[in-house]
>>> print(open('data.csv').read())   # CSV, C-alpha atoms
chain,number,residue,atom,x,y,z
Z,130,MET,CA,30.4,7.8,15.1
Z,131,SER,CA,28.2,5.3,17.1
Z,132,ALA,CA,29.5,3.4,20.1
Z,133,GLU,CA,28.8,0.1,18.3
Z,134,LEU,CA,30.8,1.2,15.3
Z,135,THR,CA,33.7,2.4,17.5
Z,136,SER,CA,33.7,-0.9,19.3
Z,137,ARG,CA,33.7,-2.8,16.1
Z,138,ARG,CA,36.6,-0.9,14.7
Z,139,ALA,CA,38.6,-1.3,18.0
Z,140,LYS,CA,38.1,-5.0,17.8
Z,141,ALA,CA,39.2,-5.1,14.2
Z,142,TRP,CA,42.4,-3.2,15.0
Z,143,ALA,CA,43.1,-5.4,18.1
Z,144,SER,CA,42.9,-8.6,16.1
Z,145,ALA,CA,44.8,-7.2,13.0
Z,146,ALA,CA,48.3,-8.3,14.0
Z,147,ALA,CA,47.4,-11.9,14.9
Z,148,LEU,CA,45.1,-12.1,11.9
Z,149,ALA,CA,47.7,-10.8,9.4
Z,150,LEU,CA,50.2,-13.3,10.7
Z,151,ALA,CA,47.7,-16.1,10.4
Z,152,VAL,CA,47.0,-15.1,6.8
Z,153,LEU,CA,50.6,-15.7,5.9
Z,154,LEU,CA,51.1,-18.9,7.9
Z,155,ALA,CA,47.9,-20.6,6.8
Z,156,PRO,CA,48.3,-23.8,4.7
Z,157,PRO,CA,47.6,-23.7,1.0
Z,158,GLY,CA,44.0,-24.1,0.2
Z,159,ALA,CA,42.7,-23.3,3.7
Z,160,GLY,CA,38.9,-23.0,3.8
Z,161,PRO,CA,36.1,-24.4,1.7
Z,162,THR,CA,36.5,-25.0,-2.0
Z,163,ALA,CA,33.3,-23.3,-3.0
Z,164,ALA,CA,33.7,-19.6,-3.7
Z,165,LYS,CA,31.2,-17.1,-2.4
Z,166,ASP,CA,28.8,-15.8,-5.0
Z,167,ALA,CA,30.4,-13.0,-6.9
Z,168,GLY,CA,27.2,-10.9,-6.8
Z,169,VAL,CA,27.0,-10.6,-3.0
Z,170,THR,CA,26.6,-7.1,-1.6
Z,171,PHE,CA,27.2,-5.7,1.9
Z,172,VAL,CA,25.4,-3.3,4.0
Z,173,SER,CA,28.5,-1.1,4.4
Z,174,PRO,CA,32.2,-1.2,4.1
Z,175,ASP,CA,32.5,-1.6,7.9
Z,176,ALA,CA,30.2,-4.6,7.8
Z,177,ALA,CA,32.1,-6.1,4.9
Z,178,LEU,CA,35.4,-5.6,6.8
Z,179,GLU,CA,34.0,-7.3,9.9
Z,180,GLN,CA,32.6,-10.2,7.8
Z,181,GLY,CA,35.9,-10.5,5.9
Z,182,ILE,CA,37.9,-10.7,9.2
Z,183,ASN,CA,35.5,-13.2,10.7
Z,184,ALA,CA,35.4,-15.4,7.6
Z,185,TYR,CA,39.2,-15.6,7.4
Z,186,ARG,CA,39.5,-16.3,11.1
Z,187,GLY,CA,37.2,-19.2,10.6
Z,188,GLY,CA,39.3,-20.5,7.7
Z,189,TYR,CA,36.9,-19.5,5.0
Z,190,VAL,CA,39.3,-17.6,2.7
Z,191,GLU,CA,37.0,-17.7,-0.3
Z,192,PHE,CA,34.3,-15.9,1.7
Z,193,ALA,CA,36.8,-13.5,3.2
Z,194,ILE,CA,38.2,-12.2,-0.1
Z,195,PRO,CA,35.0,-10.7,-1.7
Z,196,ALA,CA,34.2,-9.1,1.7
Z,197,LEU,CA,37.7,-7.6,2.1
Z,198,ARG,CA,37.7,-6.5,-1.6
Z,199,PHE,CA,34.4,-4.7,-1.1
Z,200,ALA,CA,35.7,-2.9,2.0
Z,201,ALA,CA,39.1,-2.2,0.3
Z,202,ASN,CA,37.5,-0.7,-2.8
Z,203,SER,CA,35.6,1.6,-0.4
Z,204,GLY,CA,38.8,2.8,1.1
Z,205,GLU,CA,39.0,0.7,4.3
Z,206,PHE,CA,42.7,0.7,5.2
Z,207,LEU,CA,42.7,-2.6,7.1
Z,208,ALA,CA,40.9,-4.4,4.4
Z,209,GLN,CA,43.4,-3.2,1.8
Z,210,TYR,CA,46.3,-4.4,4.0
Z,211,LEU,CA,44.8,-7.8,4.8
Z,212,LEU,CA,43.7,-8.5,1.2
Z,213,ALA,CA,47.2,-7.7,0.0
Z,214,ALA,CA,48.6,-10.1,2.6
Z,215,ILE,CA,46.3,-12.9,1.3
Z,216,LEU,CA,47.0,-12.2,-2.4
Z,217,SER,CA,50.7,-11.9,-2.1
Z,218,ASP,CA,51.2,-15.2,-0.3
Z,219,ASN,CA,52.7,-17.7,-2.7
Z,220,ALA,CA,51.9,-20.5,-0.3
Z,221,GLY,CA,48.2,-19.8,-0.5
Z,222,ALA,CA,45.6,-20.7,-3.1
Z,223,HIS,CA,44.6,-17.2,-4.1
Z,224,THR,CA,47.9,-15.6,-5.1
Z,225,ASP,CA,47.6,-12.5,-7.3
Z,226,HIS,CA,50.7,-10.4,-7.2
Z,227,GLY,CA,49.3,-7.8,-9.6
Z,228,GLU,CA,46.3,-7.0,-7.3
Z,229,ALA,CA,48.5,-7.2,-4.2
Z,230,PHE,CA,50.9,-4.7,-5.7
Z,231,ARG,CA,48.1,-2.3,-6.6
Z,232,LEU,CA,46.7,-2.5,-3.0
Z,233,LEU,CA,50.1,-1.9,-1.5
Z,234,ARG,CA,50.6,1.1,-3.9
Z,235,GLN,CA,47.3,2.6,-2.7
Z,236,ILE,CA,48.3,2.2,0.9
Z,237,VAL,CA,51.7,3.7,0.3
Z,238,VAL,CA,50.4,6.7,-1.7
Z,239,ASN,CA,47.8,7.5,0.9
Z,240,ASN,CA,49.7,6.9,4.1
Z,241,ALA,CA,53.4,7.1,3.6
Z,242,ASN,CA,53.7,10.2,5.8
Z,243,ILE,CA,51.4,9.5,8.6
Z,244,ASP,CA,52.6,10.0,12.2
Z,245,PRO,CA,54.9,7.0,12.8
Z,246,ASP,CA,54.5,7.3,16.6
Z,247,ASP,CA,50.9,8.0,17.3
Z,248,ASP,CA,48.9,6.7,14.2
Z,249,PRO,CA,47.6,3.1,14.8
Z,250,ARG,CA,48.1,2.4,11.1
Z,251,ALA,CA,51.9,3.1,11.3
Z,252,PRO,CA,53.1,-0.5,11.9
Z,253,TYR,CA,51.0,-1.8,8.9
Z,254,VAL,CA,52.1,1.1,6.7
Z,255,SER,CA,55.8,0.5,7.4
Z,256,LYS,CA,55.3,-3.2,6.4
Z,257,ALA,CA,53.5,-2.2,3.3
Z,258,LEU,CA,56.3,0.2,2.4
Z,259,LEU,CA,58.8,-2.6,2.8
Z,260,SER,CA,56.8,-5.0,0.8
Z,261,PHE,CA,56.0,-2.4,-1.9
Z,262,GLY,CA,59.8,-1.7,-2.2
Z,263,GLU,CA,60.6,-5.4,-2.5
Z,264,TYR,CA,58.0,-5.8,-5.3
Z,265,LEU,CA,59.7,-2.8,-7.0
Z,266,ASN,CA,63.1,-4.4,-6.5
Z,267,ARG,CA,62.2,-7.6,-8.3
Z,268,GLY,CA,59.5,-6.4,-10.6
Z,269,VAL,CA,55.9,-7.6,-11.1
Z,270,PRO,CA,55.7,-9.8,-14.2
Z,271,GLU,CA,52.0,-10.0,-13.8
Z,272,LEU,CA,51.8,-6.3,-14.6
Z,273,LYS,CA,54.7,-6.4,-17.0
Z,274,MET,CA,56.5,-4.1,-14.7
Z,275,PRO,CA,60.4,-4.4,-14.7
Z,276,ALA,CA,62.5,-4.3,-11.6
Z,277,ASN,CA,63.5,-0.8,-10.4
Z,278,PRO,CA,66.0,-1.2,-7.6
Z,279,ALA,CA,66.7,2.5,-7.3
Z,280,MET,CA,63.1,3.3,-6.6
Z,281,ALA,CA,62.8,0.3,-4.3
Z,282,LEU,CA,65.6,1.7,-2.2
Z,283,ARG,CA,63.7,4.9,-1.6
Z,284,TYR,CA,60.6,3.1,-0.2
Z,285,ILE,CA,62.6,0.6,1.8
Z,286,GLU,CA,64.7,3.5,3.2
Z,287,HIS,CA,61.6,5.4,4.2
Z,288,ALA,CA,60.2,2.4,6.1
Z,289,ALA,CA,63.6,1.9,7.8
Z,290,LYS,CA,64.3,5.5,8.8
Z,291,PHE,CA,60.9,7.3,9.1
Z,292,PHE,CA,59.0,4.4,10.6
Z,293,GLY,CA,61.9,2.6,12.2
Z,294,ASN,CA,60.9,-0.8,10.7
Z,295,ARG,CA,63.5,-3.3,11.8
Z,296,ASP,CA,63.0,-5.6,8.9
Z,297,ALA,CA,63.3,-2.7,6.5
Z,298,GLN,CA,66.5,-1.7,8.2
Z,299,PHE,CA,67.9,-5.2,7.7
Z,300,VAL,CA,67.0,-5.1,4.0
Z,301,LEU,CA,68.3,-1.6,3.6
Z,302,ALA,CA,71.6,-2.6,5.2
Z,303,LYS,CA,72.1,-5.5,2.7
Z,304,MET,CA,71.3,-3.2,-0.2
Z,305,LEU,CA,73.8,-0.6,1.0
Z,306,ILE,CA,76.5,-3.3,1.3
Z,307,SER,CA,75.8,-4.7,-2.2
Z,308,GLY,CA,75.1,-1.4,-3.9
Z,309,GLU,CA,71.7,-2.7,-5.0
Z,310,GLY,CA,69.7,0.4,-5.8
Z,311,GLY,CA,72.7,2.4,-7.0
Z,312,ARG,CA,74.1,3.4,-3.6
Z,313,LYS,CA,76.8,1.9,-1.4
Z,314,ASP,CA,77.2,2.9,2.2
Z,315,PRO,CA,78.9,0.2,4.3
Z,316,ALA,CA,79.3,2.5,7.3
Z,317,LEU,CA,75.5,3.1,7.5
Z,318,ALA,CA,74.8,-0.5,6.8
Z,319,LEU,CA,77.0,-1.5,9.7
Z,320,HIS,CA,75.2,1.0,11.9
Z,321,PHE,CA,71.9,-0.6,11.2
Z,322,LEU,CA,73.2,-4.1,11.6
Z,323,SER,CA,74.9,-3.3,14.9
Z,324,THR,CA,71.7,-1.8,16.2
Z,325,LEU,CA,69.6,-4.8,15.0
Z,326,VAL,CA,72.1,-7.3,16.5
Z,327,GLN,CA,71.8,-5.6,19.9
Z,328,GLY,CA,68.1,-5.7,19.6
Z,329,GLY,CA,68.0,-9.4,19.1
Z,330,HIS,CA,67.2,-9.5,15.4
Z,331,ALA,CA,68.2,-13.0,14.4
Z,332,GLY,CA,68.5,-12.3,10.7
Z,333,ALA,CA,71.0,-9.4,11.3
Z,334,GLN,CA,72.9,-11.6,13.8
Z,335,ALA,CA,73.3,-14.4,11.2
Z,336,PHE,CA,74.2,-12.0,8.4
Z,337,LEU,CA,76.8,-10.2,10.4
Z,338,ALA,CA,78.2,-13.5,11.6
Z,339,ASP,CA,78.7,-14.5,8.0
Z,340,GLN,CA,80.5,-11.2,7.4
Z,341,TYR,CA,82.8,-11.8,10.3
Z,342,TRP,CA,83.5,-15.3,9.1
Z,343,ARG,CA,84.3,-14.2,5.5
Z,344,GLY,CA,86.0,-11.0,6.5
Z,345,THR,CA,84.2,-8.9,3.9
Z,346,ILE,CA,82.9,-5.6,5.3
Z,347,VAL,CA,84.4,-6.2,8.7
Z,348,THR,CA,87.7,-7.6,9.8
Z,349,LYS,CA,87.6,-11.4,9.9
Z,350,ASP,CA,86.9,-12.6,13.4
Z,351,GLU,CA,86.0,-16.3,13.8
Z,352,THR,CA,85.1,-16.1,17.5
Z,353,ARG,CA,82.6,-13.2,16.9
Z,354,ALA,CA,81.3,-15.1,13.9
Z,355,LEU,CA,80.5,-18.2,15.9
Z,356,ALA,CA,79.1,-16.3,18.9
Z,357,LEU,CA,76.7,-14.2,16.6
Z,358,ALA,CA,75.7,-17.3,14.6
Z,359,GLU,CA,74.8,-19.2,17.8
Z,360,LEU,CA,72.7,-16.3,19.0
Z,361,ALA,CA,70.9,-16.2,15.7
Z,362,ALA,CA,70.3,-19.9,15.6
Z,363,LYS,CA,68.8,-19.8,19.1
Z,364,GLY,CA,66.5,-16.9,18.2
Z,365,ALA,CA,65.6,-17.7,14.6
Z,366,ALA,CA,62.0,-17.4,13.4
Z,367,PRO,CA,60.4,-20.5,11.9
Z,368,THR,CA,60.6,-19.3,8.3
Z,369,ASP,CA,64.3,-18.5,8.8
Z,370,TYR,CA,65.5,-21.7,10.4
Z,371,LEU,CA,67.0,-23.1,7.2
Z,372,TRP,CA,69.3,-20.3,6.1
Z,373,ILE,CA,70.3,-19.3,9.6
Z,374,ASP,CA,71.1,-22.9,10.6
Z,375,GLU,CA,73.2,-23.2,7.4
Z,376,ILE,CA,75.3,-20.2,8.4
Z,377,TYR,CA,75.8,-21.6,11.9
Z,378,GLN,CA,76.7,-25.0,10.5
Z,379,ASN,CA,79.2,-23.6,8.1
Z,380,ILE,CA,80.9,-21.6,10.9
Z,381,TYR,CA,80.8,-24.3,13.5
Z,382,CYS,CA,82.2,-27.0,11.3
Z,383,GLY,CA,84.9,-24.7,10.0
Z,384,MET,CA,86.4,-24.2,13.5
Z,385,ASN,CA,88.3,-26.6,15.7
Z,386,GLU,CA,87.1,-27.3,19.2
Z,387,PRO,CA,89.6,-25.0,21.0
Z,388,ARG,CA,88.4,-22.1,18.8
Z,389,ARG,CA,84.8,-23.0,19.5
Z,390,ASN,CA,85.5,-22.9,23.3
Z,391,GLU,CA,86.9,-19.4,22.9
Z,392,ALA,CA,83.5,-18.2,21.7
Z,393,ARG,CA,81.6,-19.7,24.7
Z,394,PRO,CA,82.1,-16.7,27.1
Z,395,LEU,CA,81.1,-14.3,24.4
Z,396,VAL,CA,77.9,-16.2,23.6
Z,397,GLN,CA,76.9,-16.1,27.3
Z,398,ARG,CA,77.8,-12.4,27.7
Z,399,TRP,CA,76.0,-11.4,24.5
Z,400,GLY,CA,73.0,-13.6,25.3
Z,401,GLN,CA,72.5,-11.7,28.5
Z,402,PHE,CA,72.5,-8.3,26.7
Z,403,PHE,CA,71.0,-9.1,23.3
Z,404,GLY,CA,68.7,-12.0,24.1
Z,405,PHE,CA,68.0,-15.2,22.2
Z,406,GLY,CA,64.6,-14.6,20.7
Z,407,GLY,CA,62.1,-17.4,21.2
Z,408,ARG,CA,63.4,-20.6,19.7
Z,409,ALA,CA,65.8,-21.7,22.4
Z,410,SER,CA,63.0,-22.1,24.9
Z,411,ARG,CA,60.3,-23.6,22.8
Z,412,LYS,CA,62.5,-25.8,20.6
Z,413,LEU,CA,61.3,-27.0,17.2
Z,414,ASP,CA,58.0,-28.8,17.4
Z,415,GLN,CA,55.0,-27.2,16.0
Z,416,ASP,CA,57.1,-24.6,14.2
Z,417,GLN,CA,58.8,-27.4,12.1
Z,418,ALA,CA,55.5,-28.4,10.7
Z,419,GLU,CA,55.1,-24.9,9.2
Z,420,ILE,CA,58.3,-25.3,7.0
Z,421,GLY,CA,57.9,-29.1,6.4
Z,422,PHE,CA,61.1,-30.4,8.1
Z,423,VAL,CA,64.5,-29.2,9.4
Z,424,PRO,CA,67.5,-31.1,7.9
Z,425,THR,CA,69.9,-32.9,10.0
Z,426,ARG,CA,73.0,-30.7,10.1
Z,427,THR,CA,76.4,-32.5,10.1
Z,428,CYS,CA,80.0,-31.6,9.6
Z,429,ALA,CA,82.2,-33.1,7.0
Z,430,ASP,CA,83.2,-35.9,9.4
Z,431,GLY,CA,79.6,-36.9,9.8
Z,432,LYS,CA,79.2,-35.6,13.4
Z,433,PRO,CA,76.0,-33.7,14.0
Z,434,VAL,CA,76.1,-30.0,15.0
Z,435,PRO,CA,75.2,-30.2,18.7
Z,436,LEU,CA,73.3,-26.9,19.1
Z,437,LEU,CA,71.1,-27.6,16.1
Z,438,GLU,CA,70.4,-31.1,17.4
Z,439,GLU,CA,69.5,-29.7,20.7
Z,440,LEU,CA,67.2,-27.1,19.2
Z,441,ARG,CA,65.5,-29.8,17.2
Z,442,GLY,CA,64.6,-31.6,20.4
Z,443,PRO,CA,63.1,-35.1,20.8
Z,444,GLY,CA,60.0,-36.2,18.9
Z,445,ASN,CA,60.1,-33.6,16.2
Z,446,LEU,CA,59.9,-34.1,12.5
Z,447,GLN,CA,62.9,-35.7,11.0
Z,448,MET,CA,64.6,-35.5,7.6
Z,449,PRO,CA,63.3,-37.7,4.7
Z,450,ALA,CA,65.0,-41.1,4.9
Z,451,GLU,CA,66.6,-40.8,1.5
Z,452,GLY,CA,69.4,-38.5,2.7
Z,453,ALA,CA,70.5,-35.2,3.9
Z,454,LEU,CA,69.1,-32.0,2.4
Z,455,THR,CA,71.7,-30.1,0.3
Z,456,ALA,CA,70.7,-26.6,1.2
Z,457,SER,CA,71.2,-23.8,-1.3
Z,458,PRO,CA,73.4,-20.8,-0.4
Z,459,ALA,CA,71.8,-18.8,2.4
Z,460,GLN,CA,69.5,-16.1,1.2
Z,461,PRO,CA,68.6,-13.9,4.2
Z,462,ARG,CA,65.1,-12.5,4.0
Z,463,ALA,CA,63.5,-9.8,5.9
Z,464,ASP,CA,61.7,-11.4,8.7
Z,465,PRO,CA,61.3,-12.0,11.5
Z,466,ASN,CA,59.0,-10.1,13.7
Z,467,GLY,CA,55.3,-9.5,13.6
Z,468,VAL,CA,53.4,-9.8,10.4
Z,469,ARG,CA,55.3,-11.6,7.6
Z,470,ASP,CA,56.3,-9.3,4.8
Z,471,VAL,CA,53.4,-8.8,2.4
Z,472,GLY,CA,54.5,-9.8,-1.0
Z,473,ALA,CA,57.8,-11.4,0.0
Z,474,ARG,CA,57.0,-14.9,1.0
Z,475,GLY,CA,58.2,-17.6,-1.4
Z,476,ARG,CA,59.0,-15.1,-4.1
>>> encode(input="data.csv", output="structure tokens")
Amino acid sequence: MSAELTSRRAKAWASAAALALAVLLAPPGAGPTAAKDAGVTFVSPDAALEQGINAYRGGYVEFAIPALRFAANSGEFLAQYLLAAILSDNAGAHTDHGEAFRLLRQIVVNNANIDPDDDPRAPYVSKALLSFGEYLNRGVPELKMPANPAMALRYIEHAAKFFGNRDAQFVLAKMLISGEGGRKDPALALHFLSTLVQGGHAGAQAFLADQYWRGTIVTKDETRALALAELAAKGAAPTDYLWIDEIYQNIYCGMNEPRRNEARPLVQRWGQFFGFGGRASRKLDQDQAEIGFVPTRTCADGKPVPLLEELRGPGNLQMPAEGALTASPAQPRADPNGVRDVGARGR
């Protein structure tokens, strides 16, 4: 392999994580409206991959897609992954869940058992496994494929256990609690949730906080519920602000001030050990633009929830003037770290 080709591949891998995240956070319709001529050819799959990456990074999605498709059809792993990310995004202008599912299936079939520690493809394969499993779990109407939760559980579990994907562990834990996929194992679910909570996974923190509040799979403990919910609210990723903030609001407003004060030392102690993620330090500014707005959170007496007001910060986007958002029941989604789940957004 030539030094030039090796360098080009190295650059492609180095930019993959940032590029894949940009793919899923890009606004609908990004790039020019004119599509690239369908008859275009490329010198080689490597050249097509490089052109596809450069085109997308420049905002020219219509030019990136045929280049990535050419490279993907030639077996280029990174092209398959990035093309699946573009086509699975419901917020984009090029959604095609049928093709995205076929690309993910190809990745999974060819790479499900690669070395999870030393192979540079491993992080992307683990995300593809999770996304493939989520497609199986809800079905793909575009392919007239019905949901298959039992098979979905197998792929999600493989991503969670073999590759150690934290988002897959979160999804797996929820499936093992609900019995979705045909198997219930609350003990294993709590093991994963506990590990994720200690690792600063905001989604797991919020989900477990809700369990403590309701007293479902764990003994009801309002102090722990508020402490975990506050950690989650401070560390929530932009795409998870709404449902995590809703859980925090529900718990905060459901407690009186003396009970809230009981949770303060626990929040401080856990914050030192588990961390707060990133939101507490950067507040909601540019991130709010990505999800449109963050609703004003108030208790039944009309008083705002202090923490969420603080996290909103001055000068950020406000709620529409016509009134407060009535949020739907929280629907935790696998998030939060690295590349957004291929095939999961907005679905």
>>> atom_distance(input="data.csv", atom1="CA of Glu351 (chain Z)", atom2="CA of Leu437 (chain Z)")
18.8 Å
>>> closest_residue(input="data.csv", among="Z:Tyr377, Z:Gln334, Z:Asn294, Z:Arg283", to="Gly311 (chain Z)", atoms="only C-alpha atoms")
Z:Arg283
>>> atom_distance(input="data.csv", atom1="CA of Tyr210 (chain Z)", atom2="CA of Gly310 (chain Z)")
25.8 Å
>>> atom_distance(input="data.csv", atom1="CA of Leu436 (chain Z)", atom2="CA of Gly344 (chain Z)")
23.9 Å
>>> residues_near_point(input="data.csv", point="(35.9, -6.5, 6.3)", cutoff="12 Å", atoms="only C-alpha atoms", output="ChimeraX atom specification")
/Z:137-138,140-142,145,171-186,192-212
>>> residues_around(input="data.csv", residues="Ser217 (chain Z)", least_positions_apart="2", cutoff="6 Å", atoms="all atoms listed in the file", output="number ranges by chain")
Z: 213-215, 224, 226, 229, 472
>>> residues_around(input="data.csv", residues="Trp342 (chain Z)", least_positions_apart="2", cutoff="8 Å", atoms="only C-alpha atoms", output="PyMOL selection string")
chain Z and resi 338-340+344+349-351+354-355+380
>>> closest_residue(input="data.csv", among="Z:Phe230, Z:Asn242, Z:Arg312, Z:Thr352", to="Asn385 (chain Z)", atoms="only C-alpha atoms")
Z:Thr352
>>> closest_residue(input="data.csv", among="Z:Leu371, Z:Met384, Z:Val396, Z:Ala257", to="His287 (chain Z)", atoms="all atoms listed in the file")
Z:Ala257
>>> closest_residue(input="data.csv", among="Z:Val254, Z:Ala361, Z:Ala279, Z:Ala222", to="Lys313 (chain Z)", atoms="only C-alpha atoms")
Z:Ala279
>>> closest_residue(input="data.csv", among="Z:Val347, Z:Leu233, Z:Leu282, Z:Ile243", to="Glu309 (chain Z)", atoms="only C-alpha atoms")
Z:Leu282
>>> closest_residue(input="data.csv", among="Z:Gly308, Z:Arg250, Z:Arg389, Z:Asp296", to="Pro278 (chain Z)", atoms="all atoms listed in the file")
Z:Gly308
>>> build_atoms(input="data.csv", residues="region 188-208 of chain Z", atoms="N, CA, C and O atoms", output="CSV table (one decimal), in the frame of the given file")
chain,number,residue,atom,x,y,z
Z,188,GLY,N,38.7,-19.7,8.7
Z,188,GLY,CA,39.3,-20.5,7.7
Z,188,GLY,C,38.6,-20.5,6.4
Z,188,GLY,O,38.9,-21.3,5.5
Z,189,TYR,N,37.6,-19.6,6.2
Z,189,TYR,CA,36.9,-19.5,5.0
Z,189,TYR,C,37.4,-18.4,4.1
Z,189,TYR,O,36.9,-17.3,3.9
Z,190,VAL,N,38.6,-18.6,3.5
Z,190,VAL,CA,39.3,-17.6,2.7
Z,190,VAL,C,38.4,-17.2,1.5
Z,190,VAL,O,38.4,-16.0,1.2
Z,191,GLU,N,37.8,-18.1,0.9
Z,191,GLU,CA,37.0,-17.7,-0.3
Z,191,GLU,C,35.8,-16.8,0.0
Z,191,GLU,O,35.4,-16.0,-0.8
Z,192,PHE,N,35.3,-16.9,1.3
Z,192,PHE,CA,34.3,-15.9,1.7
Z,192,PHE,C,34.9,-14.6,2.2
Z,192,PHE,O,34.3,-13.6,2.1
Z,193,ALA,N,36.1,-14.7,2.7
Z,193,ALA,CA,36.8,-13.5,3.2
Z,193,ALA,C,37.2,-12.5,2.1
Z,193,ALA,O,37.0,-11.3,2.2
Z,194,ILE,N,37.7,-13.1,1.0
Z,194,ILE,CA,38.2,-12.2,-0.1
Z,194,ILE,C,37.2,-11.3,-0.7
Z,194,ILE,O,37.5,-10.1,-0.8
Z,195,PRO,N,36.0,-11.7,-1.1
Z,195,PRO,CA,35.0,-10.7,-1.7
Z,195,PRO,C,34.6,-9.7,-0.6
Z,195,PRO,O,34.4,-8.5,-1.0
Z,196,ALA,N,34.5,-10.0,0.6
Z,196,ALA,CA,34.2,-9.1,1.7
Z,196,ALA,C,35.3,-8.0,1.8
Z,196,ALA,O,35.0,-6.8,1.9
Z,197,LEU,N,36.5,-8.5,1.9
Z,197,LEU,CA,37.7,-7.6,2.1
Z,197,LEU,C,37.8,-6.7,0.8
Z,197,LEU,O,38.2,-5.6,0.9
Z,198,ARG,N,37.6,-7.3,-0.3
Z,198,ARG,CA,37.7,-6.5,-1.6
Z,198,ARG,C,36.7,-5.4,-1.6
Z,198,ARG,O,37.0,-4.3,-2.0
Z,199,PHE,N,35.5,-5.7,-1.2
Z,199,PHE,CA,34.4,-4.7,-1.1
Z,199,PHE,C,34.8,-3.5,-0.2
Z,199,PHE,O,34.7,-2.4,-0.6
Z,200,ALA,N,35.3,-3.9,1.0
Z,200,ALA,CA,35.7,-2.9,2.0
Z,200,ALA,C,37.0,-2.2,1.4
Z,200,ALA,O,37.1,-0.9,1.6
Z,201,ALA,N,37.9,-2.9,0.8
Z,201,ALA,CA,39.1,-2.2,0.3
Z,201,ALA,C,38.8,-1.2,-0.8
Z,201,ALA,O,39.3,-0.1,-0.8
Z,202,ASN,N,37.9,-1.6,-1.7
Z,202,ASN,CA,37.5,-0.7,-2.8
Z,202,ASN,C,36.7,0.6,-2.2
Z,202,ASN,O,36.7,1.6,-2.9
Z,203,SER,N,36.2,0.4,-1.0
Z,203,SER,CA,35.6,1.6,-0.4
Z,203,SER,C,36.5,2.4,0.5
Z,203,SER,O,36.1,3.3,1.2
Z,204,GLY,N,37.8,2.0,0.4
Z,204,GLY,CA,38.8,2.8,1.1
Z,204,GLY,C,39.1,2.4,2.5
Z,204,GLY,O,39.9,3.1,3.3
Z,205,GLU,N,38.7,1.2,3.0
Z,205,GLU,CA,39.0,0.7,4.3
Z,205,GLU,C,40.4,0.2,4.3
Z,205,GLU,O,40.8,-0.7,3.7
Z,206,PHE,N,41.2,0.9,5.1
Z,206,PHE,CA,42.7,0.7,5.2
Z,206,PHE,C,43.0,-0.8,5.6
Z,206,PHE,O,43.8,-1.4,4.9
Z,207,LEU,N,42.4,-1.2,6.6
Z,207,LEU,CA,42.7,-2.6,7.1
Z,207,LEU,C,42.3,-3.6,6.1
Z,207,LEU,O,43.1,-4.6,6.0
Z,208,ALA,N,41.2,-3.4,5.4
Z,208,ALA,CA,40.9,-4.4,4.4
Z,208,ALA,C,41.9,-4.4,3.3
Z,208,ALA,O,42.2,-5.5,2.7
